[in-house]
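What follows is my_file-v3.cif (mmCIF, C-alpha atoms).
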data_model
#
loop_
_atom_site.group_PDB
_atom_site.id
_atom_site.type_symbol
_atom_site.label_atom_id
_atom_site.label_comp_id
_atom_site.auth_asym_id
_atom_site.auth_seq_id
_atom_site.Cartn_x
_atom_site.Cartn_y
_atom_site.Cartn_z
ATOM 1 C CA MET P 4 -18.504 2.712 -36.577
ATOM 2 C CA PRO P 5 -16.802 3.286 -33.200
ATOM 3 C CA ASP P 6 -18.460 2.066 -30.024
ATOM 4 C CA VAL P 7 -20.279 4.682 -27.942
ATOM 5 C CA PRO P 8 -19.148 4.683 -25.245
ATOM 6 C CA GLU P 9 -15.698 3.323 -25.944
ATOM 7 C CA LEU P 10 -14.939 0.608 -23.391
ATOM 8 C CA SER P 11 -11.624 0.238 -21.616
ATOM 9 C CA PRO P 12 -9.999 -3.183 -22.046
ATOM 10 C CA ALA P 13 -10.816 -4.079 -18.430
ATOM 11 C CA VAL P 14 -14.489 -3.124 -18.749
ATOM 12 C CA ARG P 15 -14.837 -4.873 -22.101
ATOM 13 C CA ALA P 16 -13.302 -8.079 -20.731
ATOM 14 C CA ALA P 17 -15.443 -8.046 -17.591
ATOM 15 C CA LEU P 18 -18.684 -7.531 -19.509
ATOM 16 C CA ALA P 19 -17.787 -10.247 -22.014
ATOM 17 C CA ALA P 20 -17.059 -12.693 -19.193
ATOM 18 C CA GLY P 21 -20.170 -11.803 -17.181
ATOM 19 C CA ARG P 22 -18.138 -10.444 -14.282
ATOM 20 C CA PRO P 23 -19.506 -7.600 -12.110
ATOM 21 C CA VAL P 24 -19.067 -4.029 -13.348
ATOM 22 C CA VAL P 25 -20.185 -0.771 -11.691
ATOM 23 C CA ALA P 26 -20.485 2.558 -13.491
ATOM 24 C CA LEU P 27 -19.245 5.661 -11.660
ATOM 25 C CA GLU P 28 -20.130 9.227 -12.562
ATOM 26 C CA SER P 29 -17.383 11.767 -13.094
ATOM 27 C CA THR P 30 -18.925 15.117 -12.140
ATOM 28 C CA ILE P 31 -18.200 14.371 -8.498
ATOM 29 C CA ILE P 32 -14.549 14.312 -9.594
ATOM 30 C CA SER P 33 -14.612 17.274 -11.982
ATOM 31 C CA HIS P 34 -17.012 19.584 -10.142
ATOM 32 C CA GLY P 35 -18.086 18.051 -6.833
ATOM 33 C CA LEU P 36 -14.906 17.850 -4.785
ATOM 34 C CA PRO P 37 -12.042 20.312 -4.221
ATOM 35 C CA ARG P 38 -8.714 19.856 -5.998
ATOM 36 C CA PRO P 39 -6.378 18.020 -5.661
ATOM 37 C CA ALA P 40 -8.216 15.830 -3.146
ATOM 38 C CA ASN P 41 -10.694 14.973 -5.914
ATOM 39 C CA LEU P 42 -8.089 12.893 -7.726
ATOM 40 C CA THR P 43 -7.229 10.962 -4.565
ATOM 41 C CA ALA P 44 -10.946 10.358 -4.032
ATOM 42 C CA ALA P 45 -11.459 9.162 -7.614
ATOM 43 C CA ARG P 46 -8.665 6.632 -7.243
ATOM 44 C CA SER P 47 -10.052 5.463 -3.899
ATOM 45 C CA PHE P 48 -13.543 4.997 -5.379
ATOM 46 C CA GLU P 49 -12.154 2.679 -8.044
ATOM 47 C CA GLN P 50 -10.008 0.856 -5.489
ATOM 48 C CA LEU P 51 -13.086 0.075 -3.369
ATOM 49 C CA LEU P 52 -14.477 -1.873 -6.311
ATOM 50 C CA THR P 53 -11.307 -3.577 -7.494
ATOM 51 C CA GLU P 54 -10.579 -4.834 -3.979
ATOM 52 C CA ALA P 55 -14.078 -6.374 -3.971
ATOM 53 C CA GLY P 56 -13.486 -8.115 -7.311
ATOM 54 C CA VAL P 57 -15.660 -5.651 -9.237
ATOM 55 C CA THR P 58 -14.508 -3.736 -12.322
ATOM 56 C CA PRO P 59 -14.966 0.050 -12.021
ATOM 57 C CA ALA P 60 -16.203 1.894 -15.098
ATOM 58 C CA THR P 61 -15.760 5.595 -14.448
ATOM 59 C CA ILE P 62 -17.600 7.357 -17.264
ATOM 60 C CA ALA P 63 -16.529 10.632 -18.855
ATOM 61 C CA VAL P 64 -15.968 12.341 -22.198
ATOM 62 C CA ILE P 65 -12.339 12.927 -23.179
ATOM 63 C CA ASP P 66 -11.575 14.997 -26.276
ATOM 64 C CA GLY P 67 -15.051 14.262 -27.601
ATOM 65 C CA VAL P 68 -14.925 10.504 -26.974
ATOM 66 C CA PRO P 69 -17.374 9.037 -24.417
ATOM 67 C CA LEU P 70 -15.500 6.483 -22.339
ATOM 68 C CA ALA P 71 -16.603 3.752 -19.931
ATOM 69 C CA GLY P 72 -13.494 3.008 -17.911
ATOM 70 C CA LEU P 73 -10.681 5.527 -17.496
ATOM 71 C CA ASP P 74 -6.965 4.921 -17.139
ATOM 72 C CA ASP P 75 -5.087 6.936 -14.534
ATOM 73 C CA ALA P 76 -4.225 9.635 -17.067
ATOM 74 C CA GLY P 77 -7.931 9.986 -17.817
ATOM 75 C CA LEU P 78 -8.767 10.319 -14.128
ATOM 76 C CA GLU P 79 -6.090 13.002 -13.793
ATOM 77 C CA ARG P 80 -7.490 14.875 -16.779
ATOM 78 C CA ILE P 81 -11.016 14.901 -15.395
ATOM 79 C CA ALA P 82 -9.834 15.859 -11.904
ATOM 80 C CA LEU P 83 -7.240 18.521 -12.639
ATOM 81 C CA ASP P 84 -7.885 20.083 -16.065
ATOM 82 C CA ASP P 85 -9.478 23.543 -15.699
ATOM 83 C CA SER P 86 -11.142 23.246 -19.126
ATOM 84 C CA VAL P 87 -13.301 20.257 -18.133
ATOM 85 C CA VAL P 88 -17.020 21.031 -18.446
ATOM 86 C CA LYS P 89 -20.065 19.266 -17.006
ATOM 87 C CA VAL P 90 -22.496 17.550 -19.392
ATOM 88 C CA SER P 91 -25.954 16.089 -18.984
ATOM 89 C CA SER P 92 -27.485 13.599 -21.396
ATOM 90 C CA ARG P 93 -28.726 16.320 -23.741
ATOM 91 C CA ASP P 94 -25.199 17.723 -24.085
ATOM 92 C CA LEU P 95 -23.403 14.537 -25.084
ATOM 93 C CA GLY P 96 -23.674 15.014 -28.845
ATOM 94 C CA LEU P 97 -22.516 18.610 -28.543
ATOM 95 C CA ALA P 98 -19.509 17.608 -26.460
ATOM 96 C CA MET P 99 -18.634 14.823 -28.883
ATOM 97 C CA ALA P 100 -18.804 17.014 -31.976
ATOM 98 C CA GLY P 101 -16.930 19.808 -30.210
ATOM 99 C CA LYS P 102 -14.230 17.397 -28.983
ATOM 100 C CA ARG P 103 -14.743 18.621 -25.428
ATOM 101 C CA THR P 104 -13.581 16.963 -22.227
ATOM 102 C CA ALA P 105 -16.371 16.627 -19.708
ATOM 103 C CA GLY P 106 -17.512 15.110 -16.470
ATOM 104 C CA THR P 107 -20.823 13.313 -16.845
ATOM 105 C CA THR P 108 -23.841 13.971 -14.621
ATOM 106 C CA VAL P 109 -26.152 11.246 -13.333
ATOM 107 C CA ALA P 110 -28.269 11.574 -16.490
ATOM 108 C CA ALA P 111 -25.338 11.359 -18.911
ATOM 109 C CA THR P 112 -23.633 8.575 -16.949
ATOM 110 C CA ALA P 113 -26.799 6.487 -16.770
ATOM 111 C CA VAL P 114 -27.405 6.799 -20.511
ATOM 112 C CA LEU P 115 -23.825 5.855 -21.437
ATOM 113 C CA ALA P 116 -23.637 3.042 -18.891
ATOM 114 C CA ALA P 117 -26.856 1.470 -20.130
ATOM 115 C CA LYS P 118 -25.684 1.788 -23.713
ATOM 116 C CA ALA P 119 -22.502 -0.081 -22.730
ATOM 117 C CA GLY P 120 -24.501 -2.879 -21.107
ATOM 118 C CA ILE P 121 -23.565 -1.950 -17.534
ATOM 119 C CA ARG P 122 -26.470 -2.681 -15.203
ATOM 120 C CA VAL P 123 -25.434 -1.019 -11.914
ATOM 121 C CA PHE P 124 -24.430 2.595 -11.321
ATOM 122 C CA ALA P 125 -23.273 4.282 -8.103
ATOM 123 C CA THR P 126 -23.620 8.005 -7.489
ATOM 124 C CA GLY P 127 -23.841 10.321 -4.485
ATOM 125 C CA GLY P 128 -27.204 12.041 -4.733
ATOM 126 C CA LEU P 129 -29.556 12.583 -7.650
ATOM 127 C CA GLY P 130 -30.687 15.901 -8.967
ATOM 128 C CA GLY P 131 -34.377 16.543 -8.555
ATOM 129 C CA VAL P 132 -37.124 19.133 -8.326
ATOM 130 C CA HIS P 133 -35.805 22.477 -7.103
ATOM 131 C CA ARG P 134 -37.443 24.442 -4.313
ATOM 132 C CA GLY P 135 -39.816 27.056 -5.677
ATOM 133 C CA PHE P 136 -40.679 24.893 -8.693
ATOM 134 C CA ALA P 137 -44.013 26.684 -9.086
ATOM 135 C CA GLU P 138 -42.173 29.928 -9.798
ATOM 136 C CA SER P 139 -39.231 28.673 -11.878
ATOM 137 C CA ALA P 140 -40.228 25.155 -13.082
ATOM 138 C CA ASP P 141 -36.664 23.988 -12.489
ATOM 139 C CA GLU P 142 -36.138 20.222 -12.495
ATOM 140 C CA SER P 143 -33.034 18.124 -13.054
ATOM 141 C CA ALA P 144 -32.701 16.130 -16.270
ATOM 142 C CA ASP P 145 -31.623 13.216 -14.048
ATOM 143 C CA LEU P 146 -35.278 12.390 -13.412
ATOM 144 C CA THR P 147 -36.423 12.164 -17.024
ATOM 145 C CA ALA P 148 -33.244 10.332 -18.038
ATOM 146 C CA LEU P 149 -33.903 7.676 -15.416
ATOM 147 C CA SER P 150 -37.489 7.327 -16.629
ATOM 148 C CA ARG P 151 -36.191 5.916 -19.930
ATOM 149 C CA THR P 152 -32.944 4.206 -18.899
ATOM 150 C CA PRO P 153 -32.967 0.590 -17.638
ATOM 151 C CA ILE P 154 -30.267 0.695 -14.984
ATOM 152 C CA THR P 155 -30.065 0.199 -11.222
ATOM 153 C CA VAL P 156 -28.872 3.369 -9.491
ATOM 154 C CA VAL P 157 -27.569 3.426 -5.934
ATOM 155 C CA SER P 158 -27.751 6.862 -4.325
ATOM 156 C CA ALA P 159 -28.242 8.497 -0.935
ATOM 157 C CA GLY P 160 -31.503 9.955 -2.182
ATOM 158 C CA VAL P 161 -31.437 13.421 -3.687
ATOM 159 C CA LYS P 162 -29.480 16.413 -2.471
ATOM 160 C CA SER P 163 -31.144 17.885 0.599
ATOM 161 C CA ILE P 164 -31.056 21.375 -0.919
ATOM 162 C CA LEU P 165 -33.869 20.216 -3.257
ATOM 163 C CA ASP P 166 -37.612 19.736 -2.793
ATOM 164 C CA ILE P 167 -37.535 16.083 -1.755
ATOM 165 C CA PRO P 168 -41.312 15.410 -1.515
ATOM 166 C CA ALA P 169 -41.839 16.938 -4.968
ATOM 167 C CA THR P 170 -38.938 14.898 -6.358
ATOM 168 C CA LEU P 171 -40.463 11.664 -5.065
ATOM 169 C CA GLU P 172 -43.783 12.620 -6.645
ATOM 170 C CA ARG P 173 -42.039 13.216 -9.990
ATOM 171 C CA LEU P 174 -40.214 9.887 -9.770
ATOM 172 C CA GLU P 175 -43.569 8.172 -9.232
ATOM 173 C CA THR P 176 -45.146 10.010 -12.164
ATOM 174 C CA LEU P 177 -42.194 9.152 -14.396
ATOM 175 C CA GLY P 178 -42.388 5.460 -13.510
ATOM 176 C CA VAL P 179 -39.031 5.200 -11.730
ATOM 177 C CA ALA P 180 -39.183 2.466 -9.070
ATOM 178 C CA VAL P 181 -37.746 3.482 -5.688
ATOM 179 C CA ALA P 182 -36.800 1.212 -2.795
ATOM 180 C CA GLY P 183 -34.887 1.822 0.415
ATOM 181 C CA TYR P 184 -31.932 -0.353 1.314
ATOM 182 C CA ARG P 185 -32.674 -1.722 4.779
ATOM 183 C CA THR P 186 -35.010 1.211 5.400
ATOM 184 C CA ASN P 187 -38.546 2.362 4.678
ATOM 185 C CA ARG P 188 -37.475 6.013 4.659
ATOM 186 C CA PHE P 189 -35.987 7.947 1.770
ATOM 187 C CA PRO P 190 -32.476 9.152 2.630
ATOM 188 C CA GLY P 191 -31.611 12.848 2.515
ATOM 189 C CA PHE P 192 -28.050 12.798 1.153
ATOM 190 C CA TYR P 193 -26.254 14.688 3.962
ATOM 191 C CA LEU P 194 -28.901 13.308 6.339
ATOM 192 C CA THR P 195 -29.800 9.692 7.047
ATOM 193 C CA ASP P 196 -33.541 10.359 6.869
ATOM 194 C CA SER P 197 -35.303 12.916 4.675
ATOM 195 C CA GLY P 198 -38.560 12.461 6.584
ATOM 196 C CA GLN P 199 -40.267 10.827 3.581
ATOM 197 C CA ASP P 200 -41.713 7.304 3.669
ATOM 198 C CA LEU P 201 -41.069 4.680 0.999
ATOM 199 C CA ASP P 202 -43.408 1.880 -0.049
ATOM 200 C CA TRP P 203 -40.659 -0.642 -0.712
ATOM 201 C CA ARG P 204 -37.684 -1.923 1.269
ATOM 202 C CA LEU P 205 -34.989 -4.357 0.110
ATOM 203 C CA ASP P 206 -32.584 -5.851 2.630
ATOM 204 C CA THR P 207 -29.915 -7.680 0.626
ATOM 205 C CA PRO P 208 -28.050 -7.260 -2.675
ATOM 206 C CA GLU P 209 -29.572 -10.581 -3.744
ATOM 207 C CA GLU P 210 -33.087 -9.204 -3.270
ATOM 208 C CA ILE P 211 -32.163 -6.219 -5.434
ATOM 209 C CA ALA P 212 -30.761 -8.513 -8.143
ATOM 210 C CA ALA P 213 -34.016 -10.506 -8.054
ATOM 211 C CA VAL P 214 -35.993 -7.307 -8.625
ATOM 212 C CA MET P 215 -33.704 -6.475 -11.569
ATOM 213 C CA ALA P 216 -34.424 -9.887 -13.075
ATOM 214 C CA ALA P 217 -38.178 -9.467 -12.603
ATOM 215 C CA ARG P 218 -38.068 -6.068 -14.265
ATOM 216 C CA ASP P 219 -36.219 -7.591 -17.212
ATOM 217 C CA LEU P 220 -39.025 -10.138 -17.620
ATOM 218 C CA LEU P 221 -41.478 -7.245 -17.753
ATOM 219 C CA GLY P 222 -39.378 -5.377 -20.315
ATOM 220 C CA ASP P 223 -39.177 -2.393 -17.973
ATOM 221 C CA GLU P 224 -37.276 0.474 -19.590
ATOM 222 C CA SER P 225 -36.971 2.760 -16.558
ATOM 223 C CA ALA P 226 -34.451 2.814 -13.730
ATOM 224 C CA LEU P 227 -34.583 1.125 -10.358
ATOM 225 C CA LEU P 228 -33.456 3.618 -7.700
ATOM 226 C CA ILE P 229 -32.024 2.216 -4.478
ATOM 227 C CA GLY P 230 -31.935 4.732 -1.633
ATOM 228 C CA ASN P 231 -28.919 3.913 0.533
ATOM 229 C CA PRO P 232 -28.812 6.030 3.704
ATOM 230 C CA LEU P 233 -25.733 7.081 5.617
ATOM 231 C CA PRO P 234 -25.383 5.531 9.076
ATOM 232 C CA PRO P 235 -26.662 8.097 11.593
ATOM 233 C CA ASP P 236 -23.195 8.575 13.082
ATOM 234 C CA LYS P 237 -21.824 9.544 9.642
ATOM 235 C CA GLN P 238 -24.446 12.133 8.696
ATOM 236 C CA LEU P 239 -24.041 15.888 8.909
ATOM 237 C CA ASP P 240 -25.330 17.195 12.230
ATOM 238 C CA PRO P 241 -29.055 17.746 11.498
ATOM 239 C CA GLU P 242 -29.263 21.046 13.420
ATOM 240 C CA LEU P 243 -26.188 22.383 11.619
ATOM 241 C CA HIS P 244 -27.582 21.168 8.301
ATOM 242 C CA ASP P 245 -30.942 22.875 8.759
ATOM 243 C CA ARG P 246 -29.411 26.160 9.894
ATOM 244 C CA VAL P 247 -26.821 26.309 7.118
ATOM 245 C CA LEU P 248 -29.350 25.318 4.454
ATOM 246 C CA ALA P 249 -31.740 28.075 5.562
ATOM 247 C CA GLU P 250 -28.874 30.569 5.363
ATOM 248 C CA ALA P 251 -27.872 29.304 1.921
ATOM 249 C CA LEU P 252 -31.416 29.573 0.562
ATOM 250 C CA ALA P 253 -31.744 33.123 1.919
ATOM 251 C CA ALA P 254 -28.381 34.067 0.384
ATOM 252 C CA ALA P 255 -29.402 32.666 -2.994
ATOM 253 C CA GLU P 256 -32.635 34.641 -2.896
ATOM 254 C CA THR P 257 -30.826 37.836 -1.962
ATOM 255 C CA ALA P 258 -28.264 37.344 -4.731
ATOM 256 C CA GLY P 259 -30.961 36.604 -7.310
ATOM 257 C CA ILE P 260 -29.512 33.175 -8.129
ATOM 258 C CA ARG P 261 -31.805 31.257 -10.502
ATOM 259 C CA GLY P 262 -31.917 28.126 -12.632
ATOM 260 C CA LYS P 263 -28.959 25.787 -12.905
ATOM 261 C CA ALA P 264 -26.778 28.190 -10.916
ATOM 262 C CA VAL P 265 -28.758 27.472 -7.738
ATOM 263 C CA THR P 266 -27.364 24.019 -6.923
ATOM 264 C CA PRO P 267 -23.641 24.871 -7.149
ATOM 265 C CA PHE P 268 -24.291 28.114 -5.234
ATOM 266 C CA LEU P 269 -26.056 26.287 -2.401
ATOM 267 C CA LEU P 270 -23.513 23.455 -2.238
ATOM 268 C CA ASP P 271 -20.625 25.936 -2.133
ATOM 269 C CA HIS P 272 -22.340 27.901 0.632
ATOM 270 C CA VAL P 273 -22.943 24.719 2.646
ATOM 271 C CA GLN P 274 -19.318 23.640 2.208
ATOM 272 C CA ARG P 275 -17.959 26.972 3.431
ATOM 273 C CA ALA P 276 -20.450 27.330 6.269
ATOM 274 C CA THR P 277 -19.701 23.845 7.607
ATOM 275 C CA ASP P 278 -15.912 24.345 7.370
ATOM 276 C CA GLY P 279 -15.681 21.488 4.899
ATOM 277 C CA ALA P 280 -17.662 18.989 6.996
ATOM 278 C CA SER P 281 -20.138 18.603 4.140
ATOM 279 C CA VAL P 282 -17.292 17.478 1.844
ATOM 280 C CA LEU P 283 -16.364 14.709 4.279
ATOM 281 C CA VAL P 284 -19.998 13.617 4.396
ATOM 282 C CA ASN P 285 -20.116 13.695 0.591
ATOM 283 C CA LEU P 286 -17.154 11.288 0.527
ATOM 284 C CA GLU P 287 -18.865 8.976 3.031
ATOM 285 C CA VAL P 288 -21.978 9.006 0.850
ATOM 286 C CA ALA P 289 -20.007 8.102 -2.273
ATOM 287 C CA ARG P 290 -18.056 5.311 -0.594
ATOM 288 C CA GLY P 291 -21.158 3.745 0.928
ATOM 289 C CA ASN P 292 -23.023 3.810 -2.360
ATOM 290 C CA ILE P 293 -20.071 2.419 -4.315
ATOM 291 C CA THR P 294 -19.664 -0.428 -1.846
ATOM 292 C CA LEU P 295 -23.346 -1.370 -2.055
ATOM 293 C CA ALA P 296 -23.345 -1.053 -5.854
ATOM 294 C CA GLY P 297 -20.410 -3.472 -6.011
ATOM 295 C CA GLN P 298 -22.340 -5.974 -3.914
ATOM 296 C CA ILE P 299 -25.405 -5.638 -6.154
ATOM 297 C CA ALA P 300 -23.308 -6.068 -9.301
ATOM 298 C CA ALA P 301 -21.743 -9.202 -7.824
ATOM 299 C CA ALA P 302 -25.174 -10.592 -6.929
ATOM 300 C CA TRP P 303 -26.388 -9.816 -10.445
ATOM 301 C CA ALA P 304 -23.383 -11.489 -12.066
ATOM 302 C CA SER P 305 -23.840 -14.584 -9.877
ATOM 303 C CA ARG P 306 -27.264 -15.173 -11.442
ATOM 304 C CA GLY P 307 -25.431 -16.212 -14.588
ATOM 305 C CA PRO P 308 -25.868 -15.336 -18.270
ATOM 306 C CA ARG P 309 -29.203 -14.060 -19.491
ATOM 307 C CA PRO P 310 -30.664 -14.178 -22.980
#
Will you turn the file into structure tokens for me?
Amino acid sequence: MPDVPELSPAVRAALAAGRPVVALESTIISHGLPRPANLTAARSFEQLLTEAGVTPATIAVIDGVPLAGLDDAGLERIALDDSVVKVSSRDLGLAMAGKRTAGTTVAATAVLAAKAGIRVFATGGLGGVHRGFAESADESADLTALSRTPITVVSAGVKSILDIPATLERLETLGVAVAGYRTNRFPGFYLTDSGQDLDWRLDTPEEIAAVMAARDLLGDESALLIGNPLPPDKQLDPELHDRVLAEALAAAETAGIRGKAVTPFLLDHVQRATDGASVLVNLEVARGNITLAGQIAAAWASRGPRP
């Protein structure tokens, strides 16, 4: 039987040798950034890791085959092919059987990375509980996937267009551990601080690796979420953010946008209304999270082989 996901030679060799590996999601490439700058960004994300001595494992589905580790042709396909779809964890079997090419969401990437034996995953911001949940009961599959996937996820919180307090409540209910990196406040993706307190703070990659080891001893099967905030001078201007978000929410309501169409509608509105400033912040978020994830993976690898 073929491996699922299929590992690139570099990822396979690094895992076998106990060297650090970081999983990267591919929807930021396929659907999160404008073309053709998305391909340049994808290459730069991988370069951040390789220059730090960490093996990048960008995860995607190509012609029905889930892959952990893409060659440059694979990155180009995900970035530039108009037929590329977006898949969550529930869609993986459908994409495989249909021989589709797809970018993987946080949920799908986490599931495939854990299945490959990759322990650390960098993303931008998680999905979460949508505003107006009481009326539409709309919640990202990222949350439930992380509740049953043993992986350490580095993110800048959840996208600020979501209901952040409700998302934190759901993460608690689902048993997903959350800690801030050098902060006791949950980050707000475009913003350094979402306004929400956290119970736990971890200040070094080595502390995070120690928590990973302790969770292994407990047999914990859920994710560890590390909230990594943007430096204040890199965040989107808070006043601009709040104004544009209010406009985007009002526009979505007027247009009758519902369900899974809400997030891309809001993000597109924010991008246009900020003259692309939100895209630059998105790139800063990704780079910061990838850098920290590489440091955590290195700290984890330095602990040596585990049974």
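When all atoms listed in the file are used to measure the gap to Gly35 of chain P, the shortest distance among P:Ala71, P:Ala82, P:Leu97, P:Ala253 belongs to P:Ala82.
Here atom CA of Leu51 of chain P is placed at a distance of 28.9 Å from atom CA of Leu165 of chain P.
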Ground truth for the PyMOL selection byres ((chain P and resi 73-80) around 12), written as a ChimeraX atom specification: /P:8-14,26-33,38-50,58-66,68-72,81-88,103-106
Nearest to Ser92 of chain P, chosen from P:Thr176, P:Ser143, P:Thr53, P:Ser197, with all atoms listed in the file counted in the distances: P:Ser143
List the residues selected by the PyMOL selection byres ((chain P and resi 121-125) around 9) in the file shown, writing them as a PyMOL selection string. chain P and resi 18+23-28+60+112-113+115-120+126-127+153-158+215+289+292-297+299-300+303
To test your reading of the syntax: which residues would the PyMOL selection byres ((chain P and resi 308) around 12) return for the file shown? Reply as an MDAnalysis selection string. chainID P and resid 18:23 216 303:307 309:310
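Residue nearest Asn187 of chain P, chosen from P:Ile229, P:Thr152, P:Glu172, P:Ala212 and counting only C-alpha atoms: P:Ile229.
Of the residues listed (P:Ile167, P:Val179, P:Val282, P:Ala254), P:Val179 shows the shortest atom-to-atom separation from Asp223 of chain P; distances use all atoms listed in the file.
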Å distance separating atom CA of Pro232 of chain P from atom CA of Leu129 of chain P, one decimal place: 13.1 Å
Taking into account only C-alpha atoms, which residue in the set P:Leu252, P:Val132, P:Ala226, P:Leu52 is nearest to Ala301 of chain P? P:Leu52
Quick one: distance from atom CA of Ala249 of chain P to atom CA of Pro235 of chain P in Å, one decimal? 21.5 Å
